[in-house]
file my_file_1.pdb (PDB, C-alpha atoms)
ATOM      1  CA  MET A   1      -6.483-130.716 -39.762
ATOM      2  CA  HIS A   2      -5.744-133.759 -37.580
ATOM      3  CA  TYR A   3      -4.943-131.580 -34.583
ATOM      4  CA  GLN A   4      -8.063-129.486 -35.037
ATOM      5  CA  PHE A   5     -10.261-132.562 -35.244
ATOM      6  CA  GLU A   6      -8.632-134.066 -32.131
ATOM      7  CA  ALA A   7      -8.953-130.757 -30.261
ATOM      8  CA  ILE A   8     -12.677-130.551 -31.032
ATOM      9  CA  HIS A   9     -13.103-134.224 -30.042
ATOM     10  CA  PRO A  10     -16.672-134.410 -31.374
ATOM     11  CA  PHE A  11     -17.448-138.063 -30.607
ATOM     12  CA  THR A  12     -17.634-140.060 -27.410
ATOM     13  CA  ASP A  13     -15.586-142.798 -29.097
ATOM     14  CA  GLY A  14     -13.547-143.159 -32.270
ATOM     15  CA  ASN A  15     -12.028-139.671 -32.463
ATOM     16  CA  GLY A  16      -8.472-140.983 -32.847
ATOM     17  CA  ARG A  17      -9.372-143.457 -35.596
ATOM     18  CA  THR A  18     -11.462-140.853 -37.393
ATOM     19  CA  GLY A  19      -8.657-138.294 -37.152
ATOM     20  CA  ARG A  20      -6.193-140.769 -38.655
ATOM     21  CA  VAL A  21      -8.623-141.578 -41.473
ATOM     22  CA  LEU A  22      -8.893-137.844 -42.180
ATOM     23  CA  ASN A  23      -5.090-137.732 -42.525
ATOM     24  CA  LEU A  24      -5.195-140.509 -45.111
ATOM     25  CA  LEU A  25      -8.060-138.976 -47.042
ATOM     26  CA  PHE A  26      -6.191-135.665 -47.145
ATOM     27  CA  LEU A  27      -3.104-137.428 -48.553
ATOM     28  CA  VAL A  28      -5.303-139.071 -51.193
ATOM     29  CA  GLU A  29      -6.986-135.762 -52.028
ATOM     30  CA  GLN A  30      -3.589-134.105 -52.456
ATOM     31  CA  GLY A  31      -2.446-136.877 -54.813
ATOM     32  CA  LEU A  32       0.214-138.134 -52.392
ATOM     33  CA  LEU A  33      -1.479-141.540 -52.014
ATOM     34  CA  GLU A  34      -3.547-143.379 -54.601
ATOM     35  CA  ILE A  35      -5.558-145.210 -51.951
ATOM     36  CA  PRO A  36      -5.646-144.815 -48.135
ATOM     37  CA  VAL A  37      -3.349-147.713 -47.251
ATOM     38  CA  LEU A  38      -1.128-146.264 -44.533
ATOM     39  CA  TYR A  39      -1.773-147.690 -41.086
ATOM     40  CA  LEU A  40      -0.821-144.621 -39.028
ATOM     41  CA  SER A  41      -2.453-146.071 -35.924
ATOM     42  CA  ARG A  42       0.456-148.472 -35.430
ATOM     43  CA  TYR A  43       2.972-145.632 -35.206
ATOM     44  CA  ILE A  44       0.744-143.462 -33.044
ATOM     45  CA  ILE A  45      -0.061-146.289 -30.634
ATOM     46  CA  ASP A  46       3.640-147.192 -30.405
ATOM     47  CA  ASN A  47       4.385-143.512 -29.631
ATOM     48  CA  LYS A  48       1.241-142.711 -27.650
ATOM     49  CA  LYS A  49       2.886-140.510 -24.991
ATOM     50  CA  LYS A  50       4.714-138.401 -27.559
ATOM     51  CA  TYR A  51       1.492-138.135 -29.573
ATOM     52  CA  TYR A  52      -0.594-136.871 -26.640
ATOM     53  CA  ASP A  53       2.214-134.642 -25.370
ATOM     54  CA  GLY A  54       2.407-133.118 -28.855
ATOM     55  CA  LEU A  55      -1.329-132.503 -29.008
ATOM     56  CA  LEU A  56      -1.218-130.857 -25.590
ATOM     57  CA  ALA A  57       1.816-128.727 -26.505
ATOM     58  CA  VAL A  58       0.012-127.351 -29.564
ATOM     59  CA  THR A  59      -2.982-126.481 -27.389
ATOM     60  CA  THR A  60      -1.057-124.933 -24.491
ATOM     61  CA  GLU A  61       2.047-123.503 -26.184
ATOM     62  CA  GLY A  62       1.221-123.295 -29.887
ATOM     63  CA  ALA A  63       4.075-125.780 -30.529
ATOM     64  CA  TRP A  64       3.160-126.603 -34.104
ATOM     65  CA  GLU A  65       6.593-127.459 -35.491
ATOM     66  CA  PRO A  66       7.278-130.465 -33.207
ATOM     67  CA  TRP A  67       3.719-131.683 -33.831
ATOM     68  CA  ILE A  68       4.080-131.443 -37.605
ATOM     69  CA  LEU A  69       7.484-133.151 -37.450
ATOM     70  CA  PHE A  70       5.960-135.949 -35.352
ATOM     71  CA  MET A  71       3.165-136.493 -37.872
ATOM     72  CA  LEU A  72       5.617-136.400 -40.800
ATOM     73  CA  ALA A  73       7.751-139.006 -39.035
ATOM     74  CA  ALA A  74       4.585-141.106 -38.589
ATOM     75  CA  VAL A  75       3.838-140.919 -42.313
ATOM     76  CA  ARG A  76       7.475-141.612 -43.283
ATOM     77  CA  GLU A  77       7.889-144.628 -40.989
ATOM     78  CA  THR A  78       4.464-146.034 -41.831
ATOM     79  CA  ALA A  79       5.120-145.646 -45.568
ATOM     80  CA  SER A  80       8.451-147.442 -45.217
ATOM     81  CA  TRP A  81       6.861-150.214 -43.137
ATOM     82  CA  SER A  82       4.009-150.584 -45.659
ATOM     83  CA  THR A  83       6.408-150.638 -48.618
ATOM     84  CA  ASP A  84       8.492-153.354 -46.967
ATOM     85  CA  ARG A  85       5.340-155.365 -46.283
ATOM     86  CA  ILE A  86       4.165-155.026 -49.907
ATOM     87  CA  ARG A  87       7.575-156.087 -51.217
ATOM     88  CA  SER A  88       7.548-159.118 -48.926
ATOM     89  CA  ILE A  89       4.089-160.116 -50.138
ATOM     90  CA  ARG A  90       5.153-159.687 -53.769
ATOM     91  CA  LYS A  91       8.254-161.804 -53.167
ATOM     92  CA  LEU A  92       6.154-164.524 -51.505
ATOM     93  CA  LEU A  93       3.651-164.423 -54.376
ATOM     94  CA  ASP A  94       6.432-164.792 -56.969
ATOM     95  CA  LYS A  95       8.015-167.656 -55.017
ATOM     96  CA  THR A  96       4.623-169.374 -54.689
ATOM     97  CA  ALA A  97       3.874-168.933 -58.412
ATOM     98  CA  GLU A  98       7.247-170.391 -59.359
ATOM     99  CA  ARG A  99       6.751-173.380 -57.058
ATOM    100  CA  LEU A 100       3.249-173.918 -58.457
ATOM    101  CA  ARG A 101       4.589-173.749 -62.022
ATOM    102  CA  ARG A 102       7.340-176.238 -61.189
ATOM    103  CA  GLU A 103       5.377-178.703 -59.013
ATOM    104  CA  ALA A 104       1.894-178.522 -60.555
ATOM    105  CA  PRO A 105       2.323-177.376 -64.156
ATOM    106  CA  LYS A 106      -1.013-178.850 -65.276
ATOM    107  CA  ILE A 107      -2.992-176.446 -63.084
ATOM    108  CA  TYR A 108      -0.560-173.514 -63.057
ATOM    109  CA  SER A 109      -1.709-170.061 -64.022
ATOM    110  CA  ARG A 110      -0.515-166.729 -62.691
ATOM    111  CA  GLU A 111      -4.164-165.934 -61.902
ATOM    112  CA  LEU A 112      -4.397-169.020 -59.674
ATOM    113  CA  ALA A 113      -1.269-167.988 -57.788
ATOM    114  CA  GLU A 114      -2.573-164.436 -57.410
ATOM    115  CA  ILE A 115      -6.069-165.394 -56.196
ATOM    116  CA  ILE A 116      -4.648-167.069 -53.095
ATOM    117  CA  PHE A 117      -3.034-163.731 -52.206
ATOM    118  CA  VAL A 118      -6.178-161.606 -52.551
ATOM    119  CA  ASN A 119      -7.140-162.706 -49.018
ATOM    120  CA  PRO A 120      -5.316-164.953 -46.571
ATOM    121  CA  TYR A 121      -8.060-167.515 -47.251
ATOM    122  CA  CYS A 122      -9.733-168.810 -50.390
ATOM    123  CA  ARG A 123     -12.874-170.778 -51.222
ATOM    124  CA  ILE A 124     -13.861-172.756 -54.273
ATOM    125  CA  ALA A 125     -16.376-170.013 -55.091
ATOM    126  CA  ASP A 126     -13.529-167.467 -55.237
ATOM    127  CA  LEU A 127     -11.843-169.368 -58.074
ATOM    128  CA  VAL A 128     -15.160-169.764 -59.868
ATOM    129  CA  ALA A 129     -16.028-166.065 -59.477
ATOM    130  CA  ALA A 130     -12.593-165.083 -60.795
ATOM    131  CA  GLY A 131     -13.161-167.217 -63.899
ATOM    132  CA  ILE A 132     -10.173-169.422 -63.126
ATOM    133  CA  ALA A 133     -12.094-172.712 -63.119
ATOM    134  CA  LYS A 134     -15.519-174.278 -62.816
ATOM    135  CA  ARG A 135     -16.508-175.631 -59.398
ATOM    136  CA  GLN A 136     -15.145-179.186 -59.744
ATOM    137  CA  SER A 137     -11.813-178.046 -61.208
ATOM    138  CA  ALA A 138     -11.543-175.281 -58.630
ATOM    139  CA  SER A 139     -11.909-177.896 -55.893
ATOM    140  CA  VAL A 140      -9.140-179.984 -57.469
ATOM    141  CA  TYR A 141      -6.889-176.920 -57.795
ATOM    142  CA  LEU A 142      -7.283-175.955 -54.134
ATOM    143  CA  LYS A 143      -6.766-179.536 -52.951
ATOM    144  CA  THR A 144      -3.618-179.702 -55.077
ATOM    145  CA  LEU A 145      -2.325-176.477 -53.529
ATOM    146  CA  ALA A 146      -3.065-177.896 -50.082
ATOM    147  CA  GLY A 147      -1.275-181.120 -51.024
ATOM    148  CA  LEU A 148       1.784-179.091 -51.959
ATOM    149  CA  GLY A 149       1.664-177.337 -48.593
ATOM    150  CA  LEU A 150       0.900-173.961 -50.168
ATOM    151  CA  LEU A 151      -2.545-173.851 -48.535
ATOM    152  CA  SER A 152      -4.160-175.427 -45.481
ATOM    153  CA  GLU A 153      -7.633-176.908 -45.742
ATOM    154  CA  ILE A 154     -10.162-176.115 -43.008
ATOM    155  CA  GLU A 155     -13.703-177.425 -42.833
ATOM    156  CA  ALA A 156     -16.229-174.708 -42.002
ATOM    157  CA  GLY A 157     -19.618-176.346 -41.852
ATOM    158  CA  ARG A 158     -20.381-177.789 -45.280
ATOM    159  CA  GLU A 159     -17.754-175.635 -46.959
ATOM    160  CA  LYS A 160     -13.991-175.909 -47.130
ATOM    161  CA  ILE A 161     -11.835-172.862 -46.649
ATOM    162  CA  TYR A 162      -8.225-172.840 -47.737
ATOM    163  CA  THR A 163      -5.885-170.586 -45.802
ATOM    164  CA  ASN A 164      -2.538-169.317 -46.978
ATOM    165  CA  PRO A 165      -0.331-169.834 -43.872
ATOM    166  CA  PRO A 166       2.777-168.087 -45.260
ATOM    167  CA  LEU A 167       0.654-165.028 -46.114
ATOM    168  CA  LEU A 168      -1.029-165.105 -42.699
ATOM    169  CA  MET A 169       2.395-165.236 -41.070
ATOM    170  CA  LEU A 170       3.581-162.343 -43.176
ATOM    171  CA  LEU A 171       0.538-160.263 -42.319
ATOM    172  CA  SER A 172       1.130-160.743 -38.612
ATOM    173  CA  GLU A 173       3.634-158.497 -36.837
ATOM    174  CA  ARG A 174       5.869-161.448 -36.061
ATOM    175  CA  GLY A 175       5.676-162.690 -39.639
ATOM    176  CA  ALA A 176       6.593-159.283 -41.047
ATOM    177  CA  SER A 177       9.652-159.093 -38.805
ATOM    178  CA  GLU A 178      10.738-162.624 -39.679
ATOM    179  CA  SER A 179      10.328-162.140 -43.418
ATOM    180  CA  ALA A 180      12.258-158.872 -43.295
ATOM    181  CA  SER A 181      15.192-160.693 -41.711
ATOM    182  CA  ARG A 182      15.279-163.358 -44.492
TER     183      ARG A 182
END

call {"tool": "encode", "arguments": {"input": "my_file_1.pdb", "output": "structure tokens"}}
result
Amino acid sequence: MHYQFEAIHPFTDGNGRTGRVLNLLFLVEQGLLEIPVLYLSRYIIDNKKKYYDGLLAVTTEGAWEPWILFMLAAVRETASWSTDRIRSIRKLLDKTAERLRREAPKIYSRELAEIIFVNPYCRIADLVAAGIAKRQSASVYLKTLAGLGLLSEIEAGREKIYTNPPLLMLLSERGASESASR
């Protein structure tokens, strides 16, 4: 399916991204993924020459087996990379929750620890919307987390945004490599 879409090349831009999305949706449809979370683009971009050579070989020589093996390797490596990333995030969340429980027991809740991992940033309104605290308490909670060094406070106009630097680091390529080596 991916090859056929790429061979047709129906758009002036975005064919590669669309083809990779089709791969993910097919895996979801077949029950092999619950949600389309694999970032195949990373593998394909890192192996761009082999990818294009494989596409061309299917077109010119009918070389399906190497192409299929390439795409299976892409799925396998991406799944392994994604699983490692998820485990690292879970480990960081657990470590953060334990530190919060130990250093700020009066405000600790697992929900508070988890909300700062939903996105790499958090606002007072996010805690309120999640039912964790009313506005004033939510402000105190986030300031406390910033005081502990778990979050960094940034002023954005009239609002304050709290970033989660360890999560941001982990989500970056460099951060993922560093956390894997710990």

call {"tool": "resolve_selection", "arguments": {"input": "my_file_1.pdb", "expression": "the PyMOL selection byres ((chain A and resi 154) around 12)", "output": "list in words"}}
result
Tyr121, Cys122, Arg123, Leu142, Lys143, Ala146, Leu151, Ser152, Glu153, Glu155, Ala156, Gly157, Arg158, Glu159, Lys160, Ile161, Tyr162, Thr163, Asn164 and Pro165 of chain A

call {"tool": "write_last_selection", "arguments": {"input": "my_file_1.pdb", "atoms": "C-alpha atoms", "output": "tab-separated table (two decimals), keeping the file's coordinate frame"}}
result
chain	number	residue	atom	x	y	z
A	121	TYR	CA	-8.06	-167.52	-47.25
A	122	CYS	CA	-9.73	-168.81	-50.39
A	123	ARG	CA	-12.87	-170.78	-51.22
A	142	LEU	CA	-7.28	-175.96	-54.13
A	143	LYS	CA	-6.77	-179.54	-52.95
A	146	ALA	CA	-3.06	-177.90	-50.08
A	151	LEU	CA	-2.54	-173.85	-48.54
A	152	SER	CA	-4.16	-175.43	-45.48
A	153	GLU	CA	-7.63	-176.91	-45.74
A	155	GLU	CA	-13.70	-177.42	-42.83
A	156	ALA	CA	-16.23	-174.71	-42.00
A	157	GLY	CA	-19.62	-176.35	-41.85
A	158	ARG	CA	-20.38	-177.79	-45.28
A	159	GLU	CA	-17.75	-175.64	-46.96
A	160	LYS	CA	-13.99	-175.91	-47.13
A	161	ILE	CA	-11.84	-172.86	-46.65
A	162	TYR	CA	-8.22	-172.84	-47.74
A	163	THR	CA	-5.88	-170.59	-45.80
A	164	ASN	CA	-2.54	-169.32	-46.98
A	165	PRO	CA	-0.33	-169.83	-43.87

call {"tool": "closest_residue", "arguments": {"input": "my_file_1.pdb", "among": "A:Gly19, A:Gly31, A:Pro120, A:Gly149", "to": "A:Met71", "atoms": "only C-alpha atoms"}}
result
A:Gly19

call {"tool": "resolve_selection", "arguments": {"input": "my_file_1.pdb", "expression": "the PyMOL selection byres ((chain A and resi 167) around 12)", "output": "short mmCIF file (atom, residue, chain, number, x, y, z; two decimals) with C-alpha atoms, in the frame of the given file"}}
result
data_model
loop_
_atom_site.label_atom_id
_atom_site.label_comp_id
_atom_site.auth_asym_id
_atom_site.auth_seq_id
_atom_site.Cartn_x
_atom_site.Cartn_y
_atom_site.Cartn_z
CA ARG A 85 5.34 -155.36 -46.28
CA ILE A 86 4.16 -155.03 -49.91
CA SER A 88 7.55 -159.12 -48.93
CA ILE A 89 4.09 -160.12 -50.14
CA ARG A 90 5.15 -159.69 -53.77
CA LYS A 91 8.25 -161.80 -53.17
CA LEU A 92 6.15 -164.52 -51.50
CA LEU A 93 3.65 -164.42 -54.38
CA LYS A 95 8.02 -167.66 -55.02
CA THR A 96 4.62 -169.37 -54.69
CA GLU A 114 -2.57 -164.44 -57.41
CA ILE A 116 -4.65 -167.07 -53.10
CA PHE A 117 -3.03 -163.73 -52.21
CA VAL A 118 -6.18 -161.61 -52.55
CA ASN A 119 -7.14 -162.71 -49.02
CA PRO A 120 -5.32 -164.95 -46.57
CA TYR A 121 -8.06 -167.52 -47.25
CA CYS A 122 -9.73 -168.81 -50.39
CA LEU A 150 0.90 -173.96 -50.17
CA LEU A 151 -2.54 -173.85 -48.54
CA SER A 152 -4.16 -175.43 -45.48
CA TYR A 162 -8.22 -172.84 -47.74
CA THR A 163 -5.88 -170.59 -45.80
CA ASN A 164 -2.54 -169.32 -46.98
CA PRO A 165 -0.33 -169.83 -43.87
CA PRO A 166 2.78 -168.09 -45.26
CA LEU A 168 -1.03 -165.10 -42.70
CA MET A 169 2.40 -165.24 -41.07
CA LEU A 170 3.58 -162.34 -43.18
CA LEU A 171 0.54 -160.26 -42.32
CA SER A 172 1.13 -160.74 -38.61
CA GLU A 173 3.63 -158.50 -36.84
CA ARG A 174 5.87 -161.45 -36.06
CA GLY A 175 5.68 -162.69 -39.64
CA ALA A 176 6.59 -159.28 -41.05
CA SER A 179 10.33 -162.14 -43.42
#

call {"tool": "resolve_selection", "arguments": {"input": "my_file_1.pdb", "expression": "the PyMOL selection byres ((chain A and resi 67) around 10)", "output": "ChimeraX atom specification"}}
result
/A:3,50-58,62-66,68-73

call {"tool": "residues_around", "arguments": {"input": "my_file_1.pdb", "residues": "stretch 130-132 of chain A", "least_positions_apart": "6", "cutoff": "9 Å", "atoms": "all atoms listed in the file", "output": "compact mmCIF listing (two decimals) with C-alpha atoms, in the coordinates of the input"}}
result
# COMPACT_ATOMS: atom_id res chain seq x y z
CA SER A 109 -1.71 -170.06 -64.02
CA GLU A 111 -4.16 -165.93 -61.90
CA LEU A 112 -4.40 -169.02 -59.67
CA ILE A 115 -6.07 -165.39 -56.20
CA ALA A 138 -11.54 -175.28 -58.63

call {"tool": "atom_distance", "arguments": {"input": "my_file_1.pdb", "atom1": "atom CA of A:Asp46", "atom2": "atom CA of A:Glu29"}}
result
26.7 Å

call {"tool": "atom_distance", "arguments": {"input": "my_file_1.pdb", "atom1": "atom CA of A:Ala74", "atom2": "atom CA of A:Tyr43"}}
result
5.9 Å

call {"tool": "atom_distance", "arguments": {"input": "my_file_1.pdb", "atom1": "atom CA of A:Leu145", "atom2": "atom CA of A:Lys106"}}
result
12.1 Å

call {"tool": "residues_around", "arguments": {"input": "my_file_1.pdb", "residues": "stretch 76-79 of chain A", "least_positions_apart": "6", "cutoff": "8 Å", "atoms": "only C-alpha atoms", "output": "CSV table (one decimal) with C-alpha atoms, keeping the file's coordinate frame"}}
result
chain,number,residue,atom,x,y,z
A,38,LEU,CA,-1.1,-146.3,-44.5
A,39,TYR,CA,-1.8,-147.7,-41.1
A,40,LEU,CA,-0.8,-144.6,-39.0
A,42,ARG,CA,0.5,-148.5,-35.4
A,43,TYR,CA,3.0,-145.6,-35.2

call {"tool": "closest_residue", "arguments": {"input": "my_file_1.pdb", "among": "A:Arg17, A:Arg87, A:Arg102, A:Lys134", "to": "A:Ile45", "atoms": "only C-alpha atoms"}}
result
A:Arg17

call {"tool": "closest_residue", "arguments": {"input": "my_file_1.pdb", "among": "A:Thr144, A:Thr12, A:Ser137, A:Thr59", "to": "A:Pro105", "atoms": "all atoms listed in the file"}}
result
A:Thr144

call {"tool": "residues_around", "arguments": {"input": "my_file_1.pdb", "residues": "A:Leu33", "least_positions_apart": "5", "cutoff": "8 Å", "atoms": "all atoms listed in the file", "output": "list of chain:residue names"}}
result
A:Leu24, A:Leu27, A:Val28

call {"tool": "write_last_selection", "arguments": {"input": "my_file_1.pdb", "atoms": "C-alpha atoms", "output": "PDB file, in the coordinates of the input"}}
result
ATOM      1  CA  LEU A  24      -5.195-140.509 -45.111  1.00  0.00           C
ATOM      2  CA  LEU A  27      -3.104-137.428 -48.553  1.00  0.00           C
ATOM      3  CA  VAL A  28      -5.303-139.071 -51.193  1.00  0.00           C
TER       4      VAL A  28
END

call {"tool": "axis_aligned_box", "arguments": {"input": "my_file_1.pdb", "around": "stretch 68-78 of chain A", "padding_each_side": "6 Å", "output": "lines of an AutoDock Vina configuration file"}}
result
center_x = 5.5
center_y = -138.7
center_z = -39.3
size_x = 16.7
size_y = 26.6
size_z = 19.9
